[in-house]
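> What follows is the file my_file37.pdb, containing PDB, C-alpha atoms and all ligand atoms:
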ATOM      1  CA  MET L   1      11.152  17.189 -13.463
ATOM      2  CA  SER L   2      10.829  19.273 -10.368
ATOM      3  CA  PHE L   3       8.230  21.720  -9.106
ATOM      4  CA  GLU L   4       7.877  25.420  -9.696
ATOM      5  CA  THR L   5       6.417  27.196  -6.652
ATOM      6  CA  THR L   6       4.203  29.984  -7.945
ATOM      7  CA  ALA L   7       2.936  31.191  -4.539
ATOM      8  CA  THR L   8       3.526  30.580  -0.849
ATOM      9  CA  ILE L   9       0.590  31.501   1.383
ATOM     10  CA  ALA L  10       0.540  31.405   5.184
ATOM     11  CA  SER L  11      -2.364  29.284   6.454
ATOM     12  CA  PHE L  12      -3.149  28.113  10.017
ATOM     13  CA  GLY L  13       0.487  28.450  11.057
ATOM     14  CA  GLY L  14       1.708  26.388   8.118
ATOM     15  CA  LYS L  15       1.966  27.253   4.443
ATOM     16  CA  LEU L  16       0.024  26.559   1.305
ATOM     17  CA  LEU L  17       2.245  26.143  -1.742
ATOM     18  CA  LYS L  18       0.873  26.643  -5.231
ATOM     19  CA  LEU L  19       2.887  24.303  -7.433
ATOM     20  CA  ALA L  20       3.251  23.448 -11.104
ATOM     21  CA  HIS L  21       5.254  20.703 -12.796
ATOM     22  CA  GLN L  22       5.641  19.159 -16.216
ATOM     23  CA  ALA L  23       4.038  15.716 -15.896
ATOM     24  CA  LYS L  24       4.926  12.574 -17.860
ATOM     25  CA  THR L  25       1.920  10.291 -17.316
ATOM     26  CA  VAL L  26      -0.273  13.116 -18.629
ATOM     27  CA  PRO L  27       1.240  15.209 -21.428
ATOM     28  CA  CYS L  28       0.946  18.691 -19.958
ATOM     29  CA  GLN L  29       1.889  20.937 -17.105
ATOM     30  CA  MET L  30      -0.075  20.041 -13.968
ATOM     31  CA  LYS L  31      -0.916  22.456 -11.180
ATOM     32  CA  LEU L  32      -1.671  21.524  -7.574
ATOM     33  CA  ASN L  33      -1.721  22.882  -4.047
ATOM     34  CA  LEU L  34       0.279  21.485  -1.156
ATOM     35  CA  TYR L  35      -0.430  22.398   2.451
ATOM     36  CA  LEU L  36       2.503  21.959   4.831
ATOM     37  CA  PRO L  37       1.500  22.042   8.508
ATOM     38  CA  PRO L  38       3.610  24.101  10.939
ATOM     39  CA  THR L  39       5.413  21.014  12.270
ATOM     40  CA  ALA L  40       6.579  19.666   8.899
ATOM     41  CA  SER L  41      10.357  19.640   8.407
ATOM     42  CA  ALA L  42      13.012  17.421   6.872
ATOM     43  CA  SER L  43      13.857  16.072  10.326
ATOM     44  CA  SER L  44      10.171  15.558  11.208
ATOM     45  CA  PRO L  45       8.312  14.841   7.958
ATOM     46  CA  ALA L  46       4.526  15.074   8.005
ATOM     47  CA  PRO L  47       2.123  12.310   6.977
ATOM     48  CA  VAL L  48       0.085  13.171   3.914
ATOM     49  CA  LEU L  49      -3.624  13.331   3.054
ATOM     50  CA  PHE L  50      -4.596  13.478  -0.624
ATOM     51  CA  TYR L  51      -7.836  15.381  -1.298
ATOM     52  CA  LEU L  52      -9.325  14.564  -4.720
ATOM     53  CA  ALA L  53     -11.788  17.157  -5.985
ATOM     54  CA  GLY L  54     -14.924  16.781  -8.077
ATOM     55  CA  LEU L  55     -16.256  17.747 -11.486
ATOM     56  CA  THR L  56     -15.294  21.245 -12.693
ATOM     57  CA  CYS L  57     -12.675  21.640  -9.946
ATOM     58  CA  THR L  58      -8.968  22.332  -9.888
ATOM     59  CA  GLY L  59      -6.633  21.924  -6.933
ATOM     60  CA  ASP L  60      -7.836  25.308  -5.719
ATOM     61  CA  ASN L  61     -11.409  24.417  -4.690
ATOM     62  CA  GLY L  62     -10.468  22.178  -1.771
ATOM     63  CA  ALA L  63      -7.557  24.362  -0.677
ATOM     64  CA  GLU L  64      -9.622  27.543  -0.664
ATOM     65  CA  LYS L  65     -13.070  26.300   0.412
ATOM     66  CA  GLY L  66     -12.682  22.803   1.883
ATOM     67  CA  PHE L  67     -11.421  23.968   5.280
ATOM     68  CA  LEU L  68      -9.228  20.903   5.802
ATOM     69  CA  GLN L  69      -6.194  22.950   6.793
ATOM     70  CA  HIS L  70      -7.436  23.932  10.241
ATOM     71  CA  LYS L  71      -7.537  20.334  11.501
ATOM     72  CA  ALA L  72      -4.534  19.297   9.367
ATOM     73  CA  ALA L  73      -2.430  21.988  11.061
ATOM     74  CA  GLU L  74      -3.591  20.819  14.484
ATOM     75  CA  LYS L  75      -2.743  17.178  13.696
ATOM     76  CA  GLY L  76       0.479  17.881  11.775
ATOM     77  CA  ILE L  77      -0.802  16.436   8.496
ATOM     78  CA  ALA L  78       0.138  17.725   5.031
ATOM     79  CA  VAL L  79      -2.625  17.944   2.414
ATOM     80  CA  VAL L  80      -2.170  17.508  -1.351
ATOM     81  CA  TYR L  81      -4.833  19.026  -3.614
ATOM     82  CA  PRO L  82      -4.243  17.832  -7.207
ATOM     83  CA  ASP L  83      -6.040  18.948 -10.345
ATOM     84  CA  THR L  84      -8.892  16.802 -11.682
ATOM     85  CA  SER L  85      -7.728  16.255 -15.277
ATOM     86  CA  PRO L  86      -5.050  17.129 -17.780
ATOM     87  CA  ARG L  87      -5.610  20.554 -19.364
ATOM     88  CA  GLY L  88      -5.378  22.100 -22.787
ATOM     89  CA  LEU L  89      -4.471  19.030 -24.811
ATOM     90  CA  GLY L  90      -6.396  20.225 -27.830
ATOM     91  CA  ILE L  91      -8.576  17.112 -27.991
ATOM     92  CA  ASP L  92     -11.750  17.706 -29.956
ATOM     93  CA  GLY L  93     -14.640  18.168 -27.481
ATOM     94  CA  GLU L  94     -12.355  18.215 -24.426
ATOM     95  CA  ASP L  95     -13.844  21.450 -23.063
ATOM     96  CA  GLU L  96     -17.438  20.979 -24.187
ATOM     97  CA  SER L  97     -19.113  19.615 -21.059
ATOM     98  CA  TYR L  98     -18.668  20.000 -17.306
ATOM     99  CA  ASP L  99     -18.837  16.238 -16.650
ATOM    100  CA  PHE L 100     -16.396  14.885 -19.244
ATOM    101  CA  GLY L 101     -12.930  15.911 -20.447
ATOM    102  CA  SER L 102     -11.337  18.941 -18.771
ATOM    103  CA  GLY L 103     -12.098  18.981 -15.051
ATOM    104  CA  ALA L 104     -13.565  15.486 -15.244
ATOM    105  CA  GLY L 105     -10.703  12.963 -15.498
ATOM    106  CA  PHE L 106     -12.508  10.500 -13.197
ATOM    107  CA  TYR L 107      -9.167   9.182 -11.841
ATOM    108  CA  VAL L 108      -8.875   6.537 -14.570
ATOM    109  CA  ASP L 109      -6.404   5.826 -17.375
ATOM    110  CA  ALA L 110      -8.390   6.167 -20.604
ATOM    111  CA  THR L 111      -8.190   3.260 -23.047
ATOM    112  CA  LYS L 112     -10.299   4.804 -25.817
ATOM    113  CA  GLU L 113      -9.108   7.271 -28.448
ATOM    114  CA  PRO L 114      -8.694  10.233 -28.459
ATOM    115  CA  TYR L 115      -8.189  10.218 -24.656
ATOM    116  CA  LYS L 116      -6.003   7.068 -24.582
ATOM    117  CA  GLY L 117      -2.399   7.784 -23.607
ATOM    118  CA  LYS L 118      -3.341  11.301 -22.478
ATOM    119  CA  TYR L 119      -6.053  11.172 -19.815
ATOM    120  CA  ASN L 120      -4.080   9.035 -17.328
ATOM    121  CA  MET L 121      -5.238  10.482 -14.027
ATOM    122  CA  TYR L 122      -5.074   7.068 -12.311
ATOM    123  CA  SER L 123      -1.339   6.750 -13.034
ATOM    124  CA  TYR L 124      -0.749  10.410 -12.275
ATOM    125  CA  ILE L 125      -2.382  10.308  -8.833
ATOM    126  CA  THR L 126      -1.227   6.854  -7.701
ATOM    127  CA  ARG L 127       2.305   6.926  -9.111
ATOM    128  CA  GLU L 128       3.795  10.020 -10.702
ATOM    129  CA  LEU L 129       2.529  12.716  -8.358
ATOM    130  CA  PRO L 130       3.431  10.962  -5.074
ATOM    131  CA  GLU L 131       6.835   9.847  -6.392
ATOM    132  CA  THR L 132       7.658  13.356  -7.577
ATOM    133  CA  LEU L 133       6.363  15.033  -4.417
ATOM    134  CA  PHE L 134       8.089  12.680  -2.010
ATOM    135  CA  SER L 135      11.444  12.944  -3.746
ATOM    136  CA  HIS L 136      11.237  16.758  -3.888
ATOM    137  CA  PHE L 137       9.704  17.683  -0.503
ATOM    138  CA  LYS L 138      11.655  16.194   2.381
ATOM    139  CA  GLU L 139       8.991  17.643   4.715
ATOM    140  CA  LEU L 140       6.629  14.857   3.527
ATOM    141  CA  ASP L 141       6.572  11.284   4.845
ATOM    142  CA  GLY L 142       5.716   9.128   1.821
ATOM    143  CA  SER L 143       5.286   6.044   3.990
ATOM    144  CA  ARG L 144       2.193   7.517   5.702
ATOM    145  CA  VAL L 145      -0.430   8.506   3.138
ATOM    146  CA  SER L 146      -4.247   8.631   3.317
ATOM    147  CA  ILE L 147      -6.840   9.694   0.788
ATOM    148  CA  THR L 148     -10.182  11.464   0.725
ATOM    149  CA  GLY L 149     -12.238  13.289  -1.896
ATOM    150  CA  HIS L 150     -15.528  14.800  -2.969
ATOM    151  CA  SER L 151     -18.081  13.488  -5.479
ATOM    152  CA  MET L 152     -16.008  12.426  -8.530
ATOM    153  CA  GLY L 153     -13.048  12.799  -6.149
ATOM    154  CA  GLY L 154     -14.830  10.628  -3.574
ATOM    155  CA  HIS L 155     -15.129   7.975  -6.275
ATOM    156  CA  GLY L 156     -11.408   8.506  -6.948
ATOM    157  CA  ALA L 157     -10.450   8.191  -3.282
ATOM    158  CA  LEU L 158     -12.485   5.021  -2.736
ATOM    159  CA  THR L 159     -11.414   3.258  -5.939
ATOM    160  CA  LEU L 160      -7.735   4.154  -5.610
ATOM    161  CA  PHE L 161      -7.765   2.879  -2.025
ATOM    162  CA  LEU L 162      -9.504  -0.377  -2.961
ATOM    163  CA  LYS L 163      -7.359  -0.966  -6.064
ATOM    164  CA  ASN L 164      -4.073  -0.444  -4.211
ATOM    165  CA  PRO L 165      -4.119  -2.331  -0.908
ATOM    166  CA  GLY L 166      -1.468  -0.920   1.422
ATOM    167  CA  MET L 167      -0.841   2.261  -0.565
ATOM    168  CA  TYR L 168      -3.127   4.354   1.646
ATOM    169  CA  LYS L 169      -3.518   4.066   5.426
ATOM    170  CA  SER L 170      -7.177   5.129   5.330
ATOM    171  CA  VAL L 171      -9.948   6.424   3.100
ATOM    172  CA  SER L 172     -13.012   8.634   3.472
ATOM    173  CA  ALA L 173     -15.273  10.485   1.078
ATOM    174  CA  PHE L 174     -17.728  13.372   0.832
ATOM    175  CA  ALA L 175     -20.784  12.586  -1.330
ATOM    176  CA  PRO L 176     -18.886  10.089  -3.501
ATOM    177  CA  ILE L 177     -20.097   8.734  -6.831
ATOM    178  CA  SER L 178     -20.279   5.273  -5.257
ATOM    179  CA  ASN L 179     -21.555   3.190  -8.142
ATOM    180  CA  PRO L 180     -20.513   4.943 -11.392
ATOM    181  CA  THR L 181     -21.456   2.033 -13.645
ATOM    182  CA  ASN L 182     -25.079   2.673 -12.632
ATOM    183  CA  CYS L 183     -25.367   6.456 -12.783
ATOM    184  CA  GLN L 184     -25.384   8.996 -15.624
ATOM    185  CA  TRP L 185     -22.112  10.718 -14.714
ATOM    186  CA  GLY L 186     -20.228   7.431 -14.517
ATOM    187  CA  GLN L 187     -21.769   5.944 -17.644
ATOM    188  CA  LYS L 188     -20.889   9.025 -19.685
ATOM    189  CA  ALA L 189     -17.321   9.118 -18.373
ATOM    190  CA  PHE L 190     -16.600   5.391 -18.625
ATOM    191  CA  GLY L 191     -18.204   5.222 -22.079
ATOM    192  CA  GLY L 192     -15.954   8.073 -23.204
ATOM    193  CA  TYR L 193     -12.738   6.915 -21.556
ATOM    194  CA  PHE L 194     -13.109   3.107 -21.948
ATOM    195  CA  GLY L 195     -15.758   2.653 -24.632
ATOM    196  CA  ASP L 196     -19.079   0.864 -24.295
ATOM    197  CA  GLY L 197     -17.736  -2.556 -25.254
ATOM    198  CA  ASP L 198     -15.605  -3.286 -22.192
ATOM    199  CA  LYS L 199     -17.878  -3.335 -19.139
ATOM    200  CA  GLY L 200     -15.231  -5.367 -17.271
ATOM    201  CA  LYS L 201     -13.027  -2.283 -17.382
ATOM    202  CA  TRP L 202     -15.898  -0.180 -16.023
ATOM    203  CA  SER L 203     -16.253  -2.521 -13.036
ATOM    204  CA  GLU L 204     -12.551  -2.172 -12.241
ATOM    205  CA  HIS L 205     -13.262   1.460 -11.356
ATOM    206  CA  ASP L 206     -16.557   1.063  -9.504
ATOM    207  CA  THR L 207     -16.402   1.206  -5.707
ATOM    208  CA  CYS L 208     -19.343  -1.166  -5.229
ATOM    209  CA  GLU L 209     -17.790  -3.757  -7.554
ATOM    210  CA  LEU L 210     -14.343  -3.397  -5.997
ATOM    211  CA  LEU L 211     -15.715  -3.736  -2.483
ATOM    212  CA  LYS L 212     -17.354  -7.068  -3.327
ATOM    213  CA  GLY L 213     -13.953  -8.598  -4.081
ATOM    214  CA  PHE L 214     -11.829  -6.725  -1.564
ATOM    215  CA  LYS L 215      -9.713  -8.930   0.703
ATOM    216  CA  GLY L 216      -9.189  -7.618   4.199
ATOM    217  CA  ASP L 217     -10.751  -5.119   6.529
ATOM    218  CA  VAL L 218     -11.715  -1.548   5.769
ATOM    219  CA  ASP L 219     -12.908   1.367   7.883
ATOM    220  CA  VAL L 220     -14.521   3.808   5.471
ATOM    221  CA  LEU L 221     -16.167   7.086   6.470
ATOM    222  CA  VAL L 222     -18.659   8.624   4.027
ATOM    223  CA  ASP L 223     -20.796  11.746   4.470
ATOM    224  CA  VAL L 224     -23.748  12.551   2.209
ATOM    225  CA  GLY L 225     -26.130  15.506   2.543
ATOM    226  CA  THR L 226     -29.849  14.729   2.423
ATOM    227  CA  GLY L 227     -30.407  18.036   0.579
ATOM    228  CA  ASP L 228     -27.879  17.138  -2.134
ATOM    229  CA  ASN L 229     -29.565  17.386  -5.541
ATOM    230  CA  PHE L 230     -27.066  15.018  -7.152
ATOM    231  CA  TYR L 231     -27.884  12.463  -4.433
ATOM    232  CA  LYS L 232     -31.604  12.937  -5.160
ATOM    233  CA  GLN L 233     -30.929  12.467  -8.916
ATOM    234  CA  GLY L 234     -29.278   9.090  -8.270
ATOM    235  CA  GLN L 235     -25.708  10.096  -9.174
ATOM    236  CA  LEU L 236     -24.210   9.057  -5.817
ATOM    237  CA  ARG L 237     -26.037   5.852  -4.794
ATOM    238  CA  PRO L 238     -24.776   5.613  -1.189
ATOM    239  CA  GLU L 239     -27.532   3.089  -0.352
ATOM    240  CA  GLU L 240     -26.025   0.679  -2.881
ATOM    241  CA  LEU L 241     -22.631   1.190  -1.261
ATOM    242  CA  GLU L 242     -24.116   0.393   2.153
ATOM    243  CA  LYS L 243     -25.900  -2.687   0.782
ATOM    244  CA  VAL L 244     -22.755  -4.071  -0.869
ATOM    245  CA  ALA L 245     -20.683  -3.320   2.224
ATOM    246  CA  LYS L 246     -23.170  -5.120   4.457
ATOM    247  CA  GLU L 247     -23.281  -8.175   2.180
ATOM    248  CA  ALA L 248     -19.474  -8.264   1.952
ATOM    249  CA  GLY L 249     -19.026  -7.725   5.700
ATOM    250  CA  LYS L 250     -17.033  -4.508   5.225
ATOM    251  CA  SER L 251     -17.143  -1.555   7.581
ATOM    252  CA  VAL L 252     -18.458   1.418   5.602
ATOM    253  CA  LYS L 253     -20.087   4.100   7.724
ATOM    254  CA  VAL L 254     -22.385   6.341   5.675
ATOM    255  CA  ARG L 255     -23.648   9.371   7.598
ATOM    256  CA  TYR L 256     -26.672  11.105   6.083
ATOM    257  CA  GLN L 257     -26.285  14.755   7.081
ATOM    258  CA  ASP L 258     -29.656  16.426   7.394
ATOM    259  CA  GLY L 259     -30.276  19.268   4.952
ATOM    260  CA  TYR L 260     -26.723  19.569   3.574
ATOM    261  CA  ASP L 261     -26.224  20.003  -0.154
ATOM    262  CA  HIS L 262     -23.352  19.019  -2.475
ATOM    263  CA  SER L 263     -21.373  22.228  -2.061
ATOM    264  CA  TYR L 264     -18.229  23.233  -0.219
ATOM    265  CA  PHE L 265     -20.468  24.464   2.656
ATOM    266  CA  PHE L 266     -21.141  20.754   3.234
ATOM    267  CA  ILE L 267     -17.501  19.728   2.794
ATOM    268  CA  SER L 268     -16.144  22.452   5.059
ATOM    269  CA  THR L 269     -18.647  21.518   7.788
ATOM    270  CA  PHE L 270     -17.419  17.919   7.993
ATOM    271  CA  ALA L 271     -13.801  18.370   6.836
ATOM    272  CA  GLY L 272     -12.535  18.192  10.418
ATOM    273  CA  ASP L 273     -14.093  14.753  10.888
ATOM    274  CA  HIS L 274     -12.411  13.456   7.735
ATOM    275  CA  VAL L 275      -8.995  14.762   8.781
ATOM    276  CA  GLU L 276      -9.572  13.152  12.215
ATOM    277  CA  HIS L 277     -10.443   9.882  10.479
ATOM    278  CA  ALA L 278      -7.169  10.002   8.514
ATOM    279  CA  ALA L 279      -5.235  11.032  11.632
ATOM    280  CA  LYS L 280      -6.408   7.880  13.436
ATOM    281  CA  TYR L 281      -4.391   5.846  10.924
ATOM    282  CA  LEU L 282      -1.615   8.264   9.954
ATOM    283  CA  LEU L 283      -0.541   9.044  13.491
ATOM    284  CA  LYS L 284      -0.753   5.666  15.183
TER     285      LYS L 284
HETATM  286  N1  LIG N 301     -21.526  23.115 -12.816
HETATM  287  C1  LIG N 301     -22.305  21.944 -12.669
HETATM  288  C2  LIG N 301     -22.149  21.368 -11.292
HETATM  289  C3  LIG N 301     -20.741  21.042 -10.977
HETATM  290  C4  LIG N 301     -20.537  20.769  -9.515
HETATM  291  O1  LIG N 301     -21.412  20.893  -8.687
HETATM  292  N2  LIG N 301     -19.335  20.341  -9.217
HETATM  293  C5  LIG N 301     -19.039  19.975  -7.865
HETATM  294  C6  LIG N 301     -18.529  18.577  -7.885
HETATM  295  S1  LIG N 301     -19.755  17.509  -8.572
HETATM  296  C7  LIG N 301     -19.046  15.971  -8.628
HETATM  297  O2  LIG N 301     -17.949  15.676  -8.886
HETATM  298  C8  LIG N 301     -18.012  20.943  -7.303
HETATM  299  O3  LIG N 301     -17.259  20.607  -6.411
HETATM  300  N3  LIG N 301     -18.009  22.165  -7.834
HETATM  301  C9  LIG N 301     -17.042  23.186  -7.466
HETATM  302  C10 LIG N 301     -17.439  24.077  -6.334
HETATM  303  O4  LIG N 301     -16.573  24.878  -5.920
HETATM  304  O5  LIG N 301     -18.557  23.971  -5.809
HETATM  305  C11 LIG N 301     -23.753  22.283 -12.921
HETATM  306  O6  LIG N 301     -23.952  23.360 -13.381
HETATM  307  O7  LIG N 301     -24.611  21.448 -12.616
END
Represent the supplied structure as structure tokens.
Ligand SMILES: N[C@@H](CCC(=O)N[C@@H](CSC=O)C(=O)NCC(=O)O)C(=O)O

Amino acid sequence: MSFETTATIASFGGKLLKLAHQAKTVPCQMKLNLYLPPTASASSPAPVLFYLAGLTCTGDNGAEKGFLQHKAAEKGIAVVYPDTSPRGLGIDGEDESYDFGSGAGFYVDATKEPYKGKYNMYSYITRELPETLFSHFKELDGSRVSITGHSMGGHGALTLFLKNPGMYKSVSAFAPISNPTNCQWGQKAFGGYFGDGDKGKWSEHDTCELLKGFKGDVDVLVDVGTGDNFYKQGQLRPEELEKVAKEAGKSVKVRYQDGYDHSYFFISTFAGDHVEHAAKYLLK
């Protein structure tokens, strides 16, 4: 099934497309944004950066407030901004809380009813969405793809990268949920999507656990604001990420940005650095 383009918006010399398509891995229509830099064409396809957003977000938050497009236009990189969950499936309780269900898919394939077979954001982001995009948009180079994300989306970016060696050229994250098996957000989500009986499944989607067993080199950039209330509450656990990385001999650079909070003011301030980080690998 192909895409419907609901809007085309000029942005930094390129264009932002608002898209919708009927998905198969998740049983609903999915919306997203796609930024095409000015240089993208069928004869010169652009490498692609996926930006995974956080709790409560759609594909609009990053596209409208993340400020990635300025640097992406300069570097000739396309940016994909997917939604964060399926929508409107009529599951009991789906819309009740900001940190579970709608807007909170956590980039996993649920194995517990009533989300099983429906909340498959892992399959959607790693398989269906890229396959559909790259067959439809000849302006995109599907052989050069990187990933980044914020908070729940930072968790998504890091775990998808670590679970799929070779799929992404690079990874970075803004204030990621680095150790979801040991924080409230992650425990609620994994309990709801996997159940409490299968902690092995939880570990398969925890960046710290994945990093311990990762074969090969990494070069991960992470930014966290020291004024971030979710960091202060222990939802992000970047120190644990640094500890695991050090013990495993993996290059994970965590930059603690003085006074920044969890908002898109923080993301937009450092977005250029994250696009530069991706460009190092996408353009070499
Ligand atoms: N509404 C909630 C807070 C939700 C929130 O801060 N969401 C963040 C992502 S948090 C981790 O995934 C976000 O990006 N929000 C959208 C935005 O545009 O800022 C509450 O009331 O605490």
> Per residue of chain L within 6 Å of ligand LIG 301 (chain N), record the nearest atom pair and its distance in Å to one decimal, counting all atoms listed in the file, with rows in chain order and ascending residue number, as JSON lines.

{"residue": "L:Gly54", "atom": "CA", "partner": "N:LIG301", "partner_atom": "O2", "distance": 3.3}
{"residue": "L:Leu55", "atom": "CA", "partner": "N:LIG301", "partner_atom": "O2", "distance": 3.7}
{"residue": "L:Thr56", "atom": "CA", "partner": "N:LIG301", "partner_atom": "N2", "distance": 5.4}
{"residue": "L:Cys57", "atom": "CA", "partner": "N:LIG301", "partner_atom": "C9", "distance": 5.3}
{"residue": "L:Asn61", "atom": "CA", "partner": "N:LIG301", "partner_atom": "O4", "distance": 5.3}
{"residue": "L:Ser151", "atom": "CA", "partner": "N:LIG301", "partner_atom": "O2", "distance": 4.1}
{"residue": "L:Met152", "atom": "CA", "partner": "N:LIG301", "partner_atom": "O2", "distance": 3.8}
{"residue": "L:Ser263", "atom": "CA", "partner": "N:LIG301", "partner_atom": "O5", "distance": 5.0}
{"residue": "L:Tyr264", "atom": "CA", "partner": "N:LIG301", "partner_atom": "O5", "distance": 5.6}
> Pick from L:Ser172, L:Arg237, L:Trp185, L:Gly195: nearest to L:Ser251, with only C-alpha atoms counted?
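Closest to L:Ser251 of all the choices is L:Ser172.
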> Do you know which residues the PyMOL selection byres (((chain L and resi 29) around 12) and not hetatm) returns on this file, as a PyMOL selection string?
chain L and resi 1-4+19-28+30-32+83+85-89+124
> Taking into account only C-alpha atoms, which residue in the set L:Ala10, L:Cys183, L:Ala72, L:Leu16 is nearest to L:Leu283?
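That would be L:Ala72, the residue with the smallest distance to L:Leu283.
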> Using all atoms listed in the file and a cutoff of 8 Å, can you tell me which residues are near (-25.1, 9.8, -12.3) in the file's coordinates, and write them out as a tab-separated table (two decimals) with C-alpha atoms, in the coordinates of the input?

chain	number	residue	atom	x	y	z
L	177	ILE	CA	-20.10	8.73	-6.83
L	180	PRO	CA	-20.51	4.94	-11.39
L	182	ASN	CA	-25.08	2.67	-12.63
L	183	CYS	CA	-25.37	6.46	-12.78
L	184	GLN	CA	-25.38	9.00	-15.62
L	185	TRP	CA	-22.11	10.72	-14.71
L	186	GLY	CA	-20.23	7.43	-14.52
L	187	GLN	CA	-21.77	5.94	-17.64
L	230	PHE	CA	-27.07	15.02	-7.15
L	233	GLN	CA	-30.93	12.47	-8.92
L	234	GLY	CA	-29.28	9.09	-8.27
L	235	GLN	CA	-25.71	10.10	-9.17
L	236	LEU	CA	-24.21	9.06	-5.82
> Report the residues retrieved by the PyMOL selection byres (((chain L and resi 260) around 6) and not hetatm) from the displayed file, expressed as a ChimeraX atom specification.
/L:225-227,257-259,261,266
> Would you mind reading off the distance between atom CA of L:Gly142 and atom CA of L:Thr269, one decimal, in Å?
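According to the coordinates, atom CA of L:Gly142 and atom CA of L:Thr269 are separated by 28.0 Å.
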> Write out as a PyMOL selection string each polymer residue whose atoms come within 8 Å of stretch 213-216 of chain L, counting only C-alpha atoms; drop sequence neighbours fewer than 3 positions from it.
chain L and resi 162+209-210
> Pull C-alpha atoms from the residues just selected and write them as a PDB file, in the coordinates of the input.

ATOM      1  CA  LEU L 162      -9.504  -0.377  -2.961  1.00  0.00           C
ATOM      2  CA  GLU L 209     -17.790  -3.757  -7.554  1.00  0.00           C
ATOM      3  CA  LEU L 210     -14.343  -3.397  -5.997  1.00  0.00           C
TER       4      LEU L 210
END
> Atom CA of L:Lys284 and atom CA of L:Leu160, how far apart in Å?
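Atom CA of L:Lys284 lies at a distance of 22.0 Å from atom CA of L:Leu160.
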> I'd like to know which of L:Asp198, L:Glu64, L:Glu240, L:Asp217 is closest to L:Tyr35, using only C-alpha atoms.
L:Glu64
> Please provide as number ranges by chain all residues within 9 Å of stretch 135-138 of chain L, with the sequence filter that same-chain residues fewer than 3 positions apart are discarded (counting all atoms listed in the file).
L: 2-3, 40-45, 130-132, 141-142
> May I have the residues from that selection written out with C-alpha atoms, as an mmCIF file, keeping the file's coordinate frame?

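Full text of selection18.cif as output:
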data_model
loop_
_atom_site.group_PDB
_atom_site.id
_atom_site.type_symbol
_atom_site.label_atom_id
_atom_site.label_comp_id
_atom_site.auth_asym_id
_atom_site.auth_seq_id
_atom_site.Cartn_x
_atom_site.Cartn_y
_atom_site.Cartn_z
ATOM 1 C CA SER L 2 10.829 19.273 -10.368
ATOM 2 C CA PHE L 3 8.230 21.720 -9.106
ATOM 3 C CA ALA L 40 6.579 19.666 8.899
ATOM 4 C CA SER L 41 10.357 19.640 8.407
ATOM 5 C CA ALA L 42 13.012 17.421 6.872
ATOM 6 C CA SER L 43 13.857 16.072 10.326
ATOM 7 C CA SER L 44 10.171 15.558 11.208
ATOM 8 C CA PRO L 45 8.312 14.841 7.958
ATOM 9 C CA PRO L 130 3.431 10.962 -5.074
ATOM 10 C CA GLU L 131 6.835 9.847 -6.392
ATOM 11 C CA THR L 132 7.658 13.356 -7.577
ATOM 12 C CA ASP L 141 6.572 11.284 4.845
ATOM 13 C CA GLY L 142 5.716 9.128 1.821
#
> So which one's closest to L:His70, L:Gly272, L:Gly103, L:Pro47, L:Gly149? Using only C-alpha atoms, please.
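Going through L:Gly272, L:Gly103, L:Pro47, L:Gly149 one by one, the smallest distance to L:His70 is for L:Gly272.
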> Find the residue from L:Thr181, L:Phe134, L:His205, L:Tyr115 that sits nearest to L:Ala157; use all atoms listed in the file when measuring.
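Under the stated criterion, the closest residue is L:His205.
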> Please compute the atom CA of L:Ser170-atom CA of L:Ser203 distance, one decimal, in Å.
21.9 Å
> With distances taken over all atoms listed in the file, which of L:Asp223, L:Glu247, L:Asp99, L:Asp92 is nearest to L:His150?
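Checking each of L:Asp223, L:Glu247, L:Asp99, L:Asp92 against L:His150, counting all atoms listed in the file, the winner is L:Asp223.
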> Could you give me the axis-aligned bounding box of stretch 177-190 of chain L, with 6 Å of padding per side, as centre plus edge lengths in Å to one decimal, as JSON?

{"center_x": -21.0, "center_y": 6.4, "center_z": -12.5, "size_x": 20.8, "size_y": 20.7, "size_z": 26.4}
> Regenerate stretch 31-38 of chain L at the level of N, CA and C atoms and dump it as an mmCIF file, keeping the file's coordinate frame.

data_model
loop_
_atom_site.group_PDB
_atom_site.id
_atom_site.type_symbol
_atom_site.label_atom_id
_atom_site.label_comp_id
_atom_site.auth_asym_id
_atom_site.auth_seq_id
_atom_site.Cartn_x
_atom_site.Cartn_y
_atom_site.Cartn_z
ATOM 1 N N LYS L 31 -0.960 21.583 -12.352
ATOM 2 C CA LYS L 31 -0.916 22.456 -11.180
ATOM 3 C C LYS L 31 -1.504 21.725 -9.986
ATOM 4 N N LEU L 32 -1.108 22.099 -8.801
ATOM 5 C CA LEU L 32 -1.671 21.524 -7.574
ATOM 6 C C LEU L 32 -1.386 22.468 -6.418
ATOM 7 N N ASN L 33 -2.016 22.180 -5.288
ATOM 8 C CA ASN L 33 -1.721 22.882 -4.047
ATOM 9 C C ASN L 33 -1.191 21.877 -3.038
ATOM 10 N N LEU L 34 -0.263 22.328 -2.234
ATOM 11 C CA LEU L 34 0.279 21.485 -1.156
ATOM 12 C C LEU L 34 0.250 22.289 0.131
ATOM 13 N N TYR L 35 -0.437 21.746 1.144
ATOM 14 C CA TYR L 35 -0.430 22.398 2.451
ATOM 15 C C TYR L 35 0.580 21.710 3.355
ATOM 16 N N LEU L 36 1.527 22.479 3.869
ATOM 17 C CA LEU L 36 2.503 21.959 4.831
ATOM 18 C C LEU L 36 2.128 22.477 6.212
ATOM 19 N N PRO L 37 1.869 21.587 7.167
ATOM 20 C CA PRO L 37 1.500 22.042 8.508
ATOM 21 C C PRO L 37 2.719 22.644 9.204
ATOM 22 N N PRO L 38 2.492 23.398 10.292
ATOM 23 C CA PRO L 38 3.610 24.101 10.939
ATOM 24 C C PRO L 38 4.737 23.180 11.404
#
